[in-house]
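Below is one structure, written out as structure tokens; comments come after it.
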Amino acid sequence: MNYTKINKDIQSKLEAISGTINVIADRALMENYTRDEYALDILKSYPGLVVKPRNTQEVSEILKLANEQKFPVYPRGGGTGLCGACVPMLGGVLLLFDNMKKVIEVDTDNIMAVVECGIPLSEFYKEIEKHGLFFPPHPGDDSATIGGVIATNAGGTRAVKLGVVRNYVKGLEVVLPTGEIINIGGKLMKNSTGYSLLNLLIGAEGTLGIVTKATINLLPPPQCIMTLVVPFESLNDAIKTVPEIIRAKITPLAVEFIEKDVLVLAEKYLDRKWPASQGQAYLMIIVDGDDEDSVFKTCEKISDVCKKNNAIDAFIADSKEKQKDILYIRSHLYEVIKKYMIEDLDIVVPRARIADLVERVHEIEKKYKVWLPTYGHAADGNVHIHLLRAIVKDGVWIETDKKIWEPNYGKINNELHGYAKSIGGQVSGEHGIGIKKKKYLKSFLEDKHIQLMKDIKKVFDPNNILNPGKIFDL
């Protein structure tokens with residue numbers, strides 16, 4: 001489709017809708033909105049204008065104008081994504097929701113909150129904590145917004161026990177691509193009334209509608225949390241232990257796997273100490289419960305299971321300070337390697353095949369003489385593999401010549417995704433597709449599956465106005 005380039009007339013109409021102060025036309029002021037956290041500049045593009053709507057009605061008017069004038073609209077949350085899903089590749093108007101950050105209601109009777117889409121998770125967490133409530137999904141970056149995590153159906157470390165964002169969204173106010181406003185669901189714990197448009201919109205990456213308000217189900221917070229760090233001599237032993245823990249009728253809050261080479265680097269650059277130096281691979285296991293005694297007993301039970309499966313030892317971080325250091329290191333692994341990042345893969349496989357996937361990663365490292373730091377969510381099969389343009393020797397970064405990594409970058413990507421598919425995996429566990437993973441969609445999904453998604457997009461967005469070019473091309 002040929003879109004209309006943003007002109008002075010369109011700018012004037014947008015200023016009339018949202019106010020001149022909420023329309024940004026200066027390219028220098030748009031720089032922070034030209035990309036997300038994806039490392040390469042190939043996913044960088046300037047919008048024609050940035051607009052900050054103040055309410056749902058303004059979002060509706062903007063989309064009606066976009067359909068009338070035929071310019072694309074791109075909703076943006078915190079910009080923390082890794083697939084280019086919010087990047088305005090075709091110009092048009094980028095919507096920021098800085099003016100839509102209110103917690104409208106915390107309903108302690110129904111244990112739900114109603115919030116606007118632009119509120120960052122950090123602010124949302126603080127507000128609900130005042131009421132003794134808890135939002136379980138924790139994707140790792142608290143600057144992500146509620147609208148953004150709904151758009152990607154974000155997961156995080158706690159997904160194995162407490163689920164992903166989809167499990168907590170009970171109602172949405174949505175502006176459709178054509179400008180109509182619809183309300184879906186509400187303060188209901190179950191709902192079998194017709195097709196679930198709610199679930200269709202969650203995870204749609206802002207291609208089927210703009211979420212302006214959400215009704216979020218909450219939980220009471222865990223009364224006690226402890227963290228175990230369990231070292232193993234091999235990743236294979238570590239991964240094979242996870243189903244044994246589940247079979248022992250234990251469901252931890254989180255189970256993460258990390259290899260030693262990544263941790264050694266993280267300790268140096270984050271100036272924090274990991275509690276175990278033995279071994280080559282680690283499980284980080286978080287346990288929650290009602291009281292310290294019961295949680296400690298569960299930790300001991302997990303420790304016994306691990307030791308029966310070749311764990312070297314098990315360290316229980318029972319103080320908040322120790323837990324804070326462990327979680328800080330795990331949460332900031334990406335920051336340690338981000339400087340030299342080419343791409344972060346978000347492959348998900350059956351959890352019993354994680355060790356096979358990581359073994360293939362090591363084979364590819366040797367084949368192409370690269371370092372591919374790998375870690376992830378051991379209990380739900382989500383593996384993050386990082387393609388870098390550098391290696392580490394004696395704790396020091398050594399940048400790889402572009403002539404070495406650039407020709408092999410695509411080959412490595414293809415080999416890893418091809419292997420993931422062969423063992424029953426999928427291209428994305430929690431990051432979404434965006435622009436970056438579009439080329440792999442045909443490899444992982446049947447043609448009819450993709451065609452049905454395209455047909456749905458056309459019904460919702462007949463003029464292909466909203467976030468065009470994401471997930472697939474029409």
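Here, A, B, ... name the chains of the structure tokens in the order displayed, residue numbers run from 1 inside each chain, and ligands are numbered from 1 in the same displayed order.
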
Taking the DSSP secondary structure from the backbone, can you list the residues of segment 273-445 of chain A that are helix (DSSP H, G or I), as a PyMOL selection string? chain A and resi 292-308+320-331+333-340+351-368+402-422+438-444

All residues 6 Å or closer to segment 149-151 of chain A, only C-alpha atoms, same chain fewer than 4 positions away omitted, as a PyMOL selection string: chain A and resi 202-206

Selection to disk with C-alpha atoms, as a PDB file, in the first residue's frame:
ATOM      1  CA  ILE A 202      -3.276 -10.113  23.825  1.00  0.00           C
ATOM      2  CA  GLY A 203       0.007 -10.902  22.081  1.00  0.00           C
ATOM      3  CA  ALA A 204      -1.047  -9.309  18.768  1.00  0.00           C
ATOM      4  CA  GLU A 205       1.845  -6.808  18.992  1.00  0.00           C
ATOM      5  CA  GLY A 206      -0.382  -3.797  18.435  1.00  0.00           C
TER       6      GLY A 206
END

Which residues are near Val164 of chain A? Cut-off 10 Å, only C-alpha atoms, ignore same chain within fewer than 2 positions. Put them as a list in words. Pro136, Pro137, His138, Pro139, Val149, Ile150, Asn153, Ala154, Gly155, Gly156, Thr157, Arg158, Ala159, Val160, Lys161, Leu162, Arg166, Asn167, Tyr168, Val169 and Glu430 of chain A

Which neighbours of segment 294-300 of chain A fall inside 9 Å, counting only C-alpha atoms, when residues of the same chain fewer than 2 positions from it are skipped, and could you give them as a list in words? Cys224, Ile225, Met226, Thr227, Leu228, Ile250, Ile285, Ile286, Val287, Asp288, Gly289, Asp290, Asp291, Glu292, Ile302, Ser303, Asp304, Val305, Ala314, Ile316 and Asp318 of chain A

Keeping N, CA and C atoms for every residue in the selection just given, could you write it to a file as a CSV table (one decimal), in the first residue's frame?
chain,number,residue,atom,x,y,z
A,224,CYS,N,6.8,-15.5,51.9
A,224,CYS,CA,8.2,-15.9,52.1
A,224,CYS,C,8.8,-16.4,50.8
A,225,ILE,N,10.0,-15.9,50.4
A,225,ILE,CA,10.7,-16.3,49.2
A,225,ILE,C,12.1,-16.7,49.6
A,226,MET,N,12.6,-17.8,49.1
A,226,MET,CA,14.0,-18.2,49.2
A,226,MET,C,14.5,-18.6,47.8
A,227,THR,N,15.8,-18.4,47.6
A,227,THR,CA,16.5,-18.7,46.3
A,227,THR,C,17.6,-19.8,46.5
A,228,LEU,N,17.6,-20.8,45.7
A,228,LEU,CA,18.7,-21.8,45.7
A,228,LEU,C,19.5,-21.6,44.5
A,250,ILE,N,6.8,-30.6,43.3
A,250,ILE,CA,7.2,-29.3,43.7
A,250,ILE,C,7.1,-28.4,42.5
A,285,ILE,N,16.9,-21.5,41.5
A,285,ILE,CA,15.5,-21.9,41.8
A,285,ILE,C,14.9,-21.1,42.8
A,286,ILE,N,13.8,-20.4,42.6
A,286,ILE,CA,13.1,-19.6,43.5
A,286,ILE,C,11.9,-20.3,44.1
A,287,VAL,N,11.8,-20.3,45.4
A,287,VAL,CA,10.7,-21.0,46.0
A,287,VAL,C,9.9,-20.0,46.9
A,288,ASP,N,8.6,-20.1,46.8
A,288,ASP,CA,7.7,-19.2,47.6
A,288,ASP,C,6.8,-20.0,48.5
A,289,GLY,N,6.2,-19.4,49.5
A,289,GLY,CA,5.3,-20.1,50.4
A,289,GLY,C,4.7,-19.2,51.4
A,290,ASP,N,4.0,-19.8,52.4
A,290,ASP,CA,3.3,-19.0,53.4
A,290,ASP,C,4.2,-18.6,54.6
A,291,ASP,N,5.2,-19.5,54.8
A,291,ASP,CA,6.0,-19.2,56.0
A,291,ASP,C,7.4,-19.7,55.8
A,292,GLU,N,8.4,-19.2,56.6
A,292,GLU,CA,9.8,-19.6,56.4
A,292,GLU,C,10.1,-21.1,56.6
A,302,ILE,N,14.1,-29.9,47.4
A,302,ILE,CA,14.7,-29.6,46.0
A,302,ILE,C,16.2,-30.0,46.0
A,303,SER,N,16.9,-29.6,47.1
A,303,SER,CA,18.3,-29.8,47.2
A,303,SER,C,18.6,-31.3,47.2
A,304,ASP,N,17.7,-32.1,47.8
A,304,ASP,CA,17.9,-33.6,47.8
A,304,ASP,C,17.7,-34.1,46.4
A,305,VAL,N,16.7,-33.6,45.7
A,305,VAL,CA,16.4,-34.1,44.3
A,305,VAL,C,17.6,-33.8,43.5
A,314,ALA,N,24.2,-27.5,46.9
A,314,ALA,CA,23.0,-26.6,46.8
A,314,ALA,C,23.2,-25.5,47.9
A,316,ILE,N,21.4,-22.2,49.7
A,316,ILE,CA,20.2,-21.6,49.9
A,316,ILE,C,20.5,-20.1,50.3
A,318,ASP,N,19.1,-17.4,52.0
A,318,ASP,CA,17.9,-17.2,52.9
A,318,ASP,C,17.8,-15.8,53.4

Taking the DSSP assignment computed from this structure's backbone, write out as a ChimeraX atom specification all residues of segment 66-181 of chain A that belong to strand (DSSP E or B). /A:73-76,93-96,103-107,112-116,120,134,138,145,156,169-175,181

Expected file contents, prior selection, C-alpha atoms, as a PDB file, in the first residue's frame:
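Written out: selection34.pdb:
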ATOM      1  CA  VAL A  73       0.149   4.552  13.041  1.00  0.00           C
ATOM      2  CA  TYR A  74       2.592   2.827  15.394  1.00  0.00           C
ATOM      3  CA  PRO A  75       1.817   2.386  19.114  1.00  0.00           C
ATOM      4  CA  ARG A  76       4.874   2.370  21.396  1.00  0.00           C
ATOM      5  CA  VAL A  93       2.684   8.694  13.274  1.00  0.00           C
ATOM      6  CA  LEU A  94       4.157   7.092  16.364  1.00  0.00           C
ATOM      7  CA  LEU A  95       1.920   7.166  19.442  1.00  0.00           C
ATOM      8  CA  LEU A  96       3.449   7.562  22.901  1.00  0.00           C
ATOM      9  CA  VAL A 103      -4.108   3.680  37.953  1.00  0.00           C
ATOM     10  CA  ILE A 104      -7.846   4.235  37.659  1.00  0.00           C
ATOM     11  CA  GLU A 105      -8.856   1.796  40.369  1.00  0.00           C
ATOM     12  CA  VAL A 106      -7.482  -0.841  42.702  1.00  0.00           C
ATOM     13  CA  ASP A 107     -10.494  -2.988  43.571  1.00  0.00           C
ATOM     14  CA  MET A 112      -8.193  -6.420  40.395  1.00  0.00           C
ATOM     15  CA  ALA A 113      -6.809  -3.152  39.104  1.00  0.00           C
ATOM     16  CA  VAL A 114      -7.953  -0.978  36.212  1.00  0.00           C
ATOM     17  CA  VAL A 115      -5.068   0.925  34.624  1.00  0.00           C
ATOM     18  CA  GLU A 116      -4.217   2.983  31.564  1.00  0.00           C
ATOM     19  CA  PRO A 120       5.350   1.495  33.511  1.00  0.00           C
ATOM     20  CA  PHE A 134       0.973  -8.512  43.551  1.00  0.00           C
ATOM     21  CA  HIS A 138       7.955 -10.025  35.608  1.00  0.00           C
ATOM     22  CA  THR A 145       4.451  -0.584  30.137  1.00  0.00           C
ATOM     23  CA  GLY A 156       9.495 -13.845  32.544  1.00  0.00           C
ATOM     24  CA  VAL A 169      -5.743  -9.728  31.787  1.00  0.00           C
ATOM     25  CA  LYS A 170      -9.506  -9.920  32.378  1.00  0.00           C
ATOM     26  CA  GLY A 171     -10.753  -6.893  30.472  1.00  0.00           C
ATOM     27  CA  LEU A 172      -9.588  -4.430  27.830  1.00  0.00           C
ATOM     28  CA  GLU A 173     -10.651  -1.108  26.404  1.00  0.00           C
ATOM     29  CA  VAL A 174      -9.388  -1.144  22.834  1.00  0.00           C
ATOM     30  CA  VAL A 175      -9.360   1.321  19.967  1.00  0.00           C
ATOM     31  CA  ILE A 181     -13.760   1.911  20.726  1.00  0.00           C
TER      32      ILE A 181
END

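Considering only C-alpha atoms, the residue among A:Arg353, A:Lys52, A:Lys5, A:His131 positioned nearest to Leu90 of chain A is A:Lys5.
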
If we count only C-alpha atoms, what is near segment 11-13 of chain A at a cut-off of 10 Å, once residues fewer than 2 positions away on the same chain are taken out, given as a PDB file with N, CA and C atoms, in the first residue's frame?
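Below you can see around36.pdb, which holds the result:
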ATOM      1  N   ILE A   6       3.419  12.300   5.931  1.00  0.00           N
ATOM      2  CA  ILE A   6       2.916  13.302   6.875  1.00  0.00           C
ATOM      3  C   ILE A   6       3.217  14.705   6.349  1.00  0.00           C
ATOM      4  N   ASN A   7       2.186  15.544   6.318  1.00  0.00           N
ATOM      5  CA  ASN A   7       2.339  16.910   5.820  1.00  0.00           C
ATOM      6  C   ASN A   7       1.814  17.903   6.855  1.00  0.00           C
ATOM      7  N   LYS A   8       1.906  19.161   6.535  1.00  0.00           N
ATOM      8  CA  LYS A   8       1.509  20.216   7.483  1.00  0.00           C
ATOM      9  C   LYS A   8       0.015  20.146   7.816  1.00  0.00           C
ATOM     10  N   ASP A   9      -0.775  19.765   6.834  1.00  0.00           N
ATOM     11  CA  ASP A   9      -2.214  19.663   7.072  1.00  0.00           C
ATOM     12  C   ASP A   9      -2.517  18.565   8.098  1.00  0.00           C
ATOM     13  N   GLU A  15      -2.519  18.227  15.909  1.00  0.00           N
ATOM     14  CA  GLU A  15      -2.369  19.221  16.980  1.00  0.00           C
ATOM     15  C   GLU A  15      -3.731  19.652  17.511  1.00  0.00           C
ATOM     16  N   ALA A  16      -4.713  19.708  16.636  1.00  0.00           N
ATOM     17  CA  ALA A  16      -6.071  20.059  17.073  1.00  0.00           C
ATOM     18  C   ALA A  16      -6.667  18.960  17.950  1.00  0.00           C
ATOM     19  N   ILE A  17      -6.266  17.725  17.700  1.00  0.00           N
ATOM     20  CA  ILE A  17      -6.781  16.598  18.491  1.00  0.00           C
ATOM     21  C   ILE A  17      -6.101  16.517  19.857  1.00  0.00           C
ATOM     22  N   SER A  18      -4.761  16.543  19.870  1.00  0.00           N
ATOM     23  CA  SER A  18      -4.020  16.265  21.113  1.00  0.00           C
ATOM     24  C   SER A  18      -3.294  17.471  21.696  1.00  0.00           C
ATOM     25  N   GLY A  19      -3.356  18.612  21.029  1.00  0.00           N
ATOM     26  CA  GLY A  19      -2.670  19.801  21.521  1.00  0.00           C
ATOM     27  C   GLY A  19      -1.271  19.905  20.942  1.00  0.00           C
ATOM     28  N   THR A  20      -0.877  21.119  20.600  1.00  0.00           N
ATOM     29  CA  THR A  20       0.429  21.343  19.971  1.00  0.00           C
ATOM     30  C   THR A  20       1.573  20.810  20.820  1.00  0.00           C
ATOM     31  N   VAL A  23       2.538  17.108  20.215  1.00  0.00           N
ATOM     32  CA  VAL A  23       2.941  16.671  18.877  1.00  0.00           C
ATOM     33  C   VAL A  23       4.398  17.061  18.659  1.00  0.00           C
ATOM     34  N   ILE A  24       5.244  16.082  18.391  1.00  0.00           N
ATOM     35  CA  ILE A  24       6.680  16.308  18.209  1.00  0.00           C
ATOM     36  C   ILE A  24       7.014  16.160  16.729  1.00  0.00           C
ATOM     37  N   ALA A  25       7.577  17.228  16.158  1.00  0.00           N
ATOM     38  CA  ALA A  25       7.951  17.211  14.744  1.00  0.00           C
ATOM     39  C   ALA A  25       9.459  17.315  14.544  1.00  0.00           C
ATOM     40  N   GLY A  48       7.103  10.209  10.983  1.00  0.00           N
ATOM     41  CA  GLY A  48       6.863  11.563  10.486  1.00  0.00           C
ATOM     42  C   GLY A  48       6.569  12.512  11.628  1.00  0.00           C
ATOM     43  N   LEU A  49       5.822  12.020  12.622  1.00  0.00           N
ATOM     44  CA  LEU A  49       5.482  12.783  13.825  1.00  0.00           C
ATOM     45  C   LEU A  49       5.369  11.824  15.005  1.00  0.00           C
ATOM     46  N   VAL A  50       5.606  12.353  16.195  1.00  0.00           N
ATOM     47  CA  VAL A  50       5.303  11.640  17.434  1.00  0.00           C
ATOM     48  C   VAL A  50       4.142  12.371  18.099  1.00  0.00           C
ATOM     49  N   VAL A  51       3.113  11.632  18.489  1.00  0.00           N
ATOM     50  CA  VAL A  51       1.938  12.228  19.128  1.00  0.00           C
ATOM     51  C   VAL A  51       1.701  11.540  20.467  1.00  0.00           C
ATOM     52  N   GLU A  61      -9.761   9.349  17.575  1.00  0.00           N
ATOM     53  CA  GLU A  61      -9.781  10.401  16.551  1.00  0.00           C
ATOM     54  C   GLU A  61      -8.541  10.328  15.662  1.00  0.00           C
ATOM     55  N   ILE A  62      -7.400  10.005  16.266  1.00  0.00           N
ATOM     56  CA  ILE A  62      -6.159   9.888  15.484  1.00  0.00           C
ATOM     57  C   ILE A  62      -6.273   8.746  14.475  1.00  0.00           C
ATOM     58  N   LEU A  65      -8.562   9.663  11.628  1.00  0.00           N
ATOM     59  CA  LEU A  65      -7.847  10.547  10.703  1.00  0.00           C
ATOM     60  C   LEU A  65      -6.867   9.744   9.847  1.00  0.00           C
ATOM     61  N   VAL A  93       2.815   8.117  11.933  1.00  0.00           N
ATOM     62  CA  VAL A  93       2.684   8.694  13.274  1.00  0.00           C
ATOM     63  C   VAL A  93       2.987   7.629  14.319  1.00  0.00           C
TER      64      VAL A  93
END

Have a look at A:Ile312, A:Val165, A:Ile450, A:Leu121 and name the one nearest to Ala144 of chain A; count only C-alpha atoms. A:Leu121

Name all residues at most 9 Å from segment 235-245 of chain A (count only C-alpha atoms; drop same-chain ones fewer than 3 positions away) and give them as JSON, numbers by chain. {"A": [230, 231, 232, 248, 249, 250, 251, 252, 255, 257, 258, 259, 280, 281, 282, 283, 301, 302, 305, 306, 308, 309, 310, 311, 351, 352, 353, 354, 355, 356, 358, 359, 378, 379]}

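Of note, atom CA of Met284 of chain A and atom CA of Ala317 of chain A are spaced 10.4 Å apart.
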